[in-house]
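Participant: Next up, work-v6.cif (mmCIF, C-alpha atoms).
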data_input
loop_
_atom_site.label_atom_id
_atom_site.label_comp_id
_atom_site.auth_asym_id
_atom_site.auth_seq_id
_atom_site.Cartn_x
_atom_site.Cartn_y
_atom_site.Cartn_z
CA ASN A 37 11.97 49.49 -34.08
CA ALA A 38 13.68 47.69 -31.21
CA GLY A 39 13.56 43.94 -30.91
CA VAL A 40 13.12 41.95 -27.73
CA MET A 41 15.30 43.50 -25.04
CA GLN A 42 16.69 41.47 -22.17
CA ASN A 43 18.79 42.70 -19.29
CA PRO A 44 21.18 42.16 -17.83
CA ARG A 45 23.18 40.19 -20.43
CA HIS A 46 25.27 38.62 -17.68
CA LEU A 47 24.31 38.15 -14.05
CA VAL A 48 26.50 36.69 -11.34
CA ARG A 49 24.97 35.64 -8.05
CA ARG A 50 26.17 33.74 -5.00
CA ARG A 51 24.21 30.77 -3.72
CA GLY A 52 21.18 31.91 -1.74
CA GLN A 53 20.81 35.29 -3.45
CA GLU A 54 17.95 36.37 -5.68
CA ALA A 55 18.17 36.77 -9.47
CA ARG A 56 15.85 39.08 -11.42
CA LEU A 57 15.82 38.83 -15.19
CA ARG A 58 13.97 41.41 -17.27
CA CYS A 59 12.42 41.22 -20.72
CA SER A 60 10.76 43.91 -22.79
CA PRO A 61 8.88 42.38 -25.74
CA MET A 62 8.78 43.83 -29.21
CA LYS A 63 6.43 46.75 -29.65
CA GLY A 64 2.89 45.52 -30.16
CA HIS A 65 3.59 42.01 -28.83
CA SER A 66 1.51 40.96 -25.86
CA HIS A 67 2.72 37.37 -25.49
CA VAL A 68 5.96 36.56 -23.66
CA TYR A 69 7.72 33.22 -23.25
CA TRP A 70 10.67 32.34 -21.04
CA TYR A 71 13.08 29.52 -21.92
CA ARG A 72 16.15 28.06 -20.25
CA GLN A 73 19.12 26.71 -22.18
CA LEU A 74 22.18 24.73 -21.14
CA PRO A 75 25.29 24.68 -23.41
CA GLU A 76 24.81 22.77 -26.69
CA GLU A 77 21.21 21.94 -25.78
CA GLY A 78 17.81 22.99 -27.02
CA LEU A 79 15.44 25.37 -25.29
CA LYS A 80 13.39 24.20 -22.33
CA PHE A 81 10.04 25.97 -21.96
CA MET A 82 9.44 27.57 -18.60
CA VAL A 83 6.45 29.91 -18.71
CA TYR A 84 4.10 31.70 -21.09
CA LEU A 85 2.49 34.98 -20.10
CA GLN A 86 0.19 37.63 -21.45
CA LYS A 87 -0.25 41.03 -19.87
CA GLU A 88 -1.17 40.51 -16.20
CA ASN A 89 -1.83 36.79 -16.76
CA ILE A 90 0.17 33.59 -16.51
CA ILE A 91 -1.17 31.35 -19.24
CA ASP A 92 1.07 28.28 -18.86
CA GLU A 93 3.72 27.76 -16.18
CA SER A 94 4.04 24.00 -16.57
CA GLY A 95 7.76 24.20 -17.32
CA MET A 96 8.70 26.29 -14.32
CA PRO A 97 9.83 24.70 -11.04
CA LYS A 98 7.18 25.05 -8.34
CA GLU A 99 9.62 26.44 -5.78
CA ARG A 100 11.90 29.47 -5.96
CA PHE A 101 10.83 30.47 -9.49
CA SER A 102 8.18 33.03 -10.38
CA ALA A 103 7.29 35.17 -13.37
CA GLU A 104 5.14 38.19 -14.03
CA PHE A 105 4.19 40.43 -16.91
CA PRO A 106 2.57 43.55 -15.44
CA LYS A 107 0.33 45.97 -17.26
CA GLU A 108 3.18 48.46 -17.37
CA GLY A 109 6.85 47.56 -17.64
CA PRO A 110 8.85 44.50 -18.59
CA SER A 111 8.26 40.85 -17.84
CA ILE A 112 10.29 39.63 -14.87
CA LEU A 113 11.61 36.13 -14.22
CA ARG A 114 12.56 35.87 -10.56
CA ILE A 115 14.67 33.13 -9.02
CA GLN A 116 14.92 33.13 -5.25
CA GLN A 117 17.70 31.48 -3.24
CA VAL A 118 19.66 30.54 -6.34
CA VAL A 119 21.67 27.31 -6.46
CA ARG A 120 24.51 26.31 -8.79
CA GLY A 121 22.11 24.24 -10.88
CA ASP A 122 20.28 27.43 -11.86
CA SER A 123 23.31 28.52 -13.90
CA ALA A 124 22.16 28.69 -17.52
CA ALA A 125 21.17 31.05 -20.30
CA TYR A 126 17.63 32.34 -19.94
CA PHE A 127 15.92 33.52 -23.09
CA CYS A 128 12.79 35.57 -23.47
CA ALA A 129 10.72 35.55 -26.64
CA SER A 130 7.69 37.51 -27.71
CA SER A 131 5.00 36.83 -30.24
CA PRO A 132 2.24 38.82 -31.89
CA VAL A 133 -1.31 37.58 -32.16
CA LEU A 134 -1.57 33.83 -31.79
CA GLY A 135 -4.00 31.53 -33.52
CA ALA A 136 -2.77 32.43 -36.98
CA THR A 137 -1.03 29.87 -39.15
CA ASN A 138 2.30 31.68 -39.09
CA GLU A 139 3.13 31.71 -35.42
CA LYS A 140 6.70 32.71 -34.75
CA LEU A 141 8.84 33.78 -31.85
CA PHE A 142 11.23 36.71 -31.68
CA PHE A 143 14.01 36.17 -29.18
CA GLY A 144 16.11 38.44 -27.04
CA SER A 145 19.86 37.96 -26.67
CA GLY A 146 19.42 36.19 -23.37
CA THR A 147 20.70 36.57 -19.82
CA GLN A 148 23.58 34.33 -18.81
CA LEU A 149 23.16 33.54 -15.12
CA SER A 150 26.18 32.27 -13.25
CA VAL A 151 25.80 31.10 -9.67
CA LEU A 152 29.00 30.95 -7.65
CA THR B 39 9.83 13.43 -22.39
CA GLN B 40 11.20 15.22 -25.45
CA LEU B 41 8.47 15.99 -27.96
CA LEU B 42 10.79 16.82 -30.86
CA GLU B 43 13.93 14.81 -31.54
CA GLN B 44 16.59 16.23 -33.80
CA SER B 45 19.37 14.31 -35.51
CA PRO B 46 22.24 14.35 -35.68
CA GLN B 47 23.03 16.14 -32.44
CA PHE B 48 26.46 17.24 -33.70
CA LEU B 49 27.70 17.61 -37.27
CA SER B 50 31.11 18.74 -38.49
CA ILE B 51 31.67 19.03 -42.23
CA GLN B 52 34.01 20.62 -44.75
CA GLU B 53 33.06 23.76 -46.61
CA GLY B 54 31.24 22.91 -49.84
CA GLU B 55 29.63 19.69 -48.60
CA ASN B 56 25.89 19.09 -48.43
CA LEU B 57 24.03 18.08 -45.28
CA THR B 58 20.58 17.24 -43.97
CA VAL B 59 19.28 17.53 -40.43
CA TYR B 60 16.05 16.01 -39.20
CA CYS B 61 13.33 16.89 -36.75
CA ASN B 62 10.99 14.05 -35.76
CA SER B 63 7.98 13.61 -33.53
CA SER B 64 5.12 11.22 -32.96
CA SER B 65 2.74 14.18 -32.63
CA VAL B 66 0.97 16.17 -35.32
CA PHE B 67 1.52 19.92 -35.36
CA SER B 68 -0.24 22.84 -36.98
CA SER B 69 3.03 24.50 -37.93
CA LEU B 70 6.75 24.01 -37.58
CA GLN B 71 9.57 26.52 -37.51
CA TRP B 72 13.34 26.31 -37.96
CA TYR B 73 15.64 28.66 -36.07
CA ARG B 74 19.40 29.21 -36.13
CA GLN B 75 21.25 30.28 -33.02
CA GLU B 76 24.78 31.65 -32.85
CA PRO B 77 26.87 31.58 -29.66
CA GLY B 78 25.83 34.22 -27.15
CA GLU B 79 22.68 35.17 -29.06
CA GLY B 80 19.04 34.19 -29.16
CA PRO B 81 17.60 31.98 -31.90
CA VAL B 82 16.58 33.68 -35.14
CA LEU B 83 13.69 32.40 -37.22
CA LEU B 84 14.61 30.95 -40.62
CA VAL B 85 11.28 29.63 -41.88
CA THR B 86 7.78 28.51 -40.92
CA VAL B 87 6.03 25.61 -42.67
CA VAL B 88 2.34 24.90 -42.18
CA THR B 89 1.13 22.52 -44.91
CA GLY B 90 1.93 18.79 -45.02
CA GLY B 91 4.44 18.13 -47.80
CA GLU B 92 5.35 21.81 -48.05
CA VAL B 93 8.83 22.67 -49.34
CA LYS B 94 10.41 26.08 -48.84
CA LYS B 95 13.74 27.30 -50.14
CA LEU B 96 15.88 30.03 -48.61
CA LYS B 97 18.96 30.47 -50.82
CA ARG B 98 21.01 27.29 -50.16
CA LEU B 99 18.63 26.03 -47.47
CA THR B 100 15.68 23.75 -48.31
CA PHE B 101 13.03 23.00 -45.69
CA GLN B 102 10.42 20.26 -45.96
CA PHE B 103 7.41 19.52 -43.75
CA GLY B 104 6.38 15.86 -43.69
CA ASP B 105 3.12 14.83 -45.32
CA ALA B 106 1.66 13.89 -41.93
CA ARG B 107 2.97 17.11 -40.30
CA LYS B 108 4.95 15.12 -37.74
CA ASP B 109 8.47 15.69 -39.02
CA SER B 110 10.65 18.05 -41.00
CA SER B 111 14.06 18.22 -42.63
CA LEU B 112 16.53 20.97 -43.37
CA HIS B 113 18.96 20.47 -46.25
CA ILE B 114 21.93 22.79 -46.80
CA THR B 115 23.71 22.77 -50.16
CA ALA B 116 27.38 23.72 -50.43
CA ALA B 117 27.75 24.60 -46.77
CA GLN B 118 29.77 27.67 -45.85
CA PRO B 119 31.48 28.63 -42.56
CA GLY B 120 28.76 31.23 -42.03
CA ASP B 121 26.24 28.38 -41.72
CA THR B 122 27.88 27.30 -38.46
CA GLY B 123 25.46 27.41 -35.55
CA LEU B 124 22.83 25.57 -33.56
CA TYR B 125 19.78 24.66 -35.63
CA LEU B 126 16.55 24.29 -33.69
CA CYS B 127 13.18 23.11 -34.86
CA ALA B 128 10.07 24.21 -33.00
CA ALA B 129 6.45 23.20 -33.41
CA THR B 130 3.17 24.52 -32.20
CA ASN B 131 -0.43 23.44 -31.83
CA THR B 132 -3.17 26.07 -31.81
CA GLY B 133 -0.52 28.68 -31.16
CA ASN B 134 -0.43 28.36 -27.42
CA GLN B 135 2.78 26.47 -26.82
CA PHE B 136 6.06 26.31 -28.75
CA TYR B 137 7.93 23.02 -28.35
CA PHE B 138 11.62 23.08 -29.21
CA GLY B 139 13.74 20.23 -30.47
CA THR B 140 16.99 19.01 -28.97
CA GLY B 141 19.05 20.96 -31.51
CA THR B 142 21.73 20.14 -34.11
CA SER B 143 25.09 21.82 -33.62
CA LEU B 144 26.67 22.38 -37.05
CA THR B 145 30.31 23.28 -37.64
CA VAL B 146 31.48 24.05 -41.17
CA ILE B 147 35.26 23.88 -41.49
CA PRO B 148 36.86 26.24 -44.04
#
Please go through the file and, once you have read it, give me the structure as structure tokens.

Facilitator:
Amino acid sequence: NAGVMQNPRHLVRRRGQEARLRCSPMKGHSHVYWYRQLPEEGLKFMVYLQKENIIDESGMPKERFSAEFPKEGPSILRIQQVVRGDSAAYFCASSPVLGATNEKLFFGSGTQLSVL
Amino acid sequence: TQLLEQSPQFLSIQEGENLTVYCNSSSVFSSLQWYRQEPGEGPVLLVTVVTGGEVKKLKRLTFQFGDARKDSSLHITAAQPGDTGLYLCAATNTGNQFYFGTGTSLTVIP
């Protein structure tokens, strides 16, 4: 009965490298959200995906960032050519069926990305 | 543009005191959630409110959804050090998008 699994927990990259963050949603959840958080701040929405579909990517920078949620396997948030400003905690959340009146998100423990 | 504003941003109180944090918006939402986040972990859901004027209690925590479904408050009675954390409100319309507030960082001093 695992919850949302994110890996790695900590990721260190040098400027210009690529960062790949993985998220496996809770069993039975087909909706995945990615958020970014800076210290002592709230969560900034990045992208919302369902299996094989990007539903809303309005919070994701147009360049260098991409996300996918394939039919098989985890959701991946990919950051190319990382810069120091990409350093942050990245959280993934999953949700069961939407449209009900008790929507809720279940979060992973996050990936702390540090860009040197 | 921040859709949900929380206040205060930081709060430091002594153990045993009461406190209230607020979540305000100019938009109407179908439901609103409160989450608590501890350092190094993801947010954990505390409660969901869906009806205007709704009040929910969770032990020493009382949550209220505004009559117009634009705002909410969280009241903690007799705060304890274990209540320390970042409190986040989040709201949704039609279930497609979850908007998070700016957060209130609470420290309860023993």

Participant: Kindly indicate which residue among A:Ile90, A:Val48, A:Met62, A:Val119 lies nearest to Pro106 of chain A, using all atoms listed in the file for the distances.

Facilitator: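 For Pro106 of chain A, the nearest of the candidates is A:Ile90.
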
Participant: For atom CA of Gln102 of chain B and atom CA of Gln52 of chain B, quote the distance in Å rounded to one decimal.

Facilitator: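 Answer for the atom CA of Gln102 of chain B to atom CA of Gln52 of chain B separation: 23.6 Å.
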
Participant: For Pro119 of chain B, which residue among B:Gln75, B:Ser64, B:Thr86, B:Ser50 is the nearest when counting only C-alpha atoms?

Facilitator: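 Ranked by minimum distance to Pro119 of chain B, first place goes to B:Ser50.
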
Participant: Starting from the shown file, work through the PyMOL selection byres ((chain B) within 8 of (chain A)) and note down what comes out as a list of chain:residue names.

Facilitator: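 Residues picked by the PyMOL selection byres ((chain B) within 8 of (chain A)): B:Ser68, B:Ser69, B:Gln71, B:Gly78, B:Glu79, B:Gly80, B:Pro81, B:Val82, B:Leu83, B:Thr86, B:Val87, B:Val88, B:Leu124, B:Leu126, B:Thr130, B:Thr132, B:Gly133, B:Asn134, B:Gln135, B:Phe136, B:Tyr137, B:Phe138, B:Gly139, B:Thr140, B:Gly141, B:Ser143.
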
Participant: With the PyMOL selection byres ((chain B and resi 101) around 12) as the selection, what would be picked from this file? Answer as a ChimeraX atom specification, please.

Facilitator: /B:58-61,70-73,84-100,102-104,109-115,127

Participant: Please measure the separation of atom CA of Ser94 of chain A and atom CA of Gln73 of chain A, giving the value in Å to one decimal.

Facilitator: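 Pair atom CA of Ser94 of chain A / atom CA of Gln73 of chain A returns 16.3 Å.
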
Participant: To one decimal in Å, tell me the separation between atom CA of Gly54 of chain B and atom CA of Ala117 of chain B.

Facilitator: 4.9 Å

Participant: Return as JSON the centre and edge lengths, in Å with one decimal, of the box along x, y and z that encloses every atom of segment 48-59 of chain B in the file, padded by 5 Å per side.

Facilitator:
{"center_x": 26.6, "center_y": 20.5, "center_z": -41.8, "size_x": 24.7, "size_y": 16.5, "size_z": 26.1}
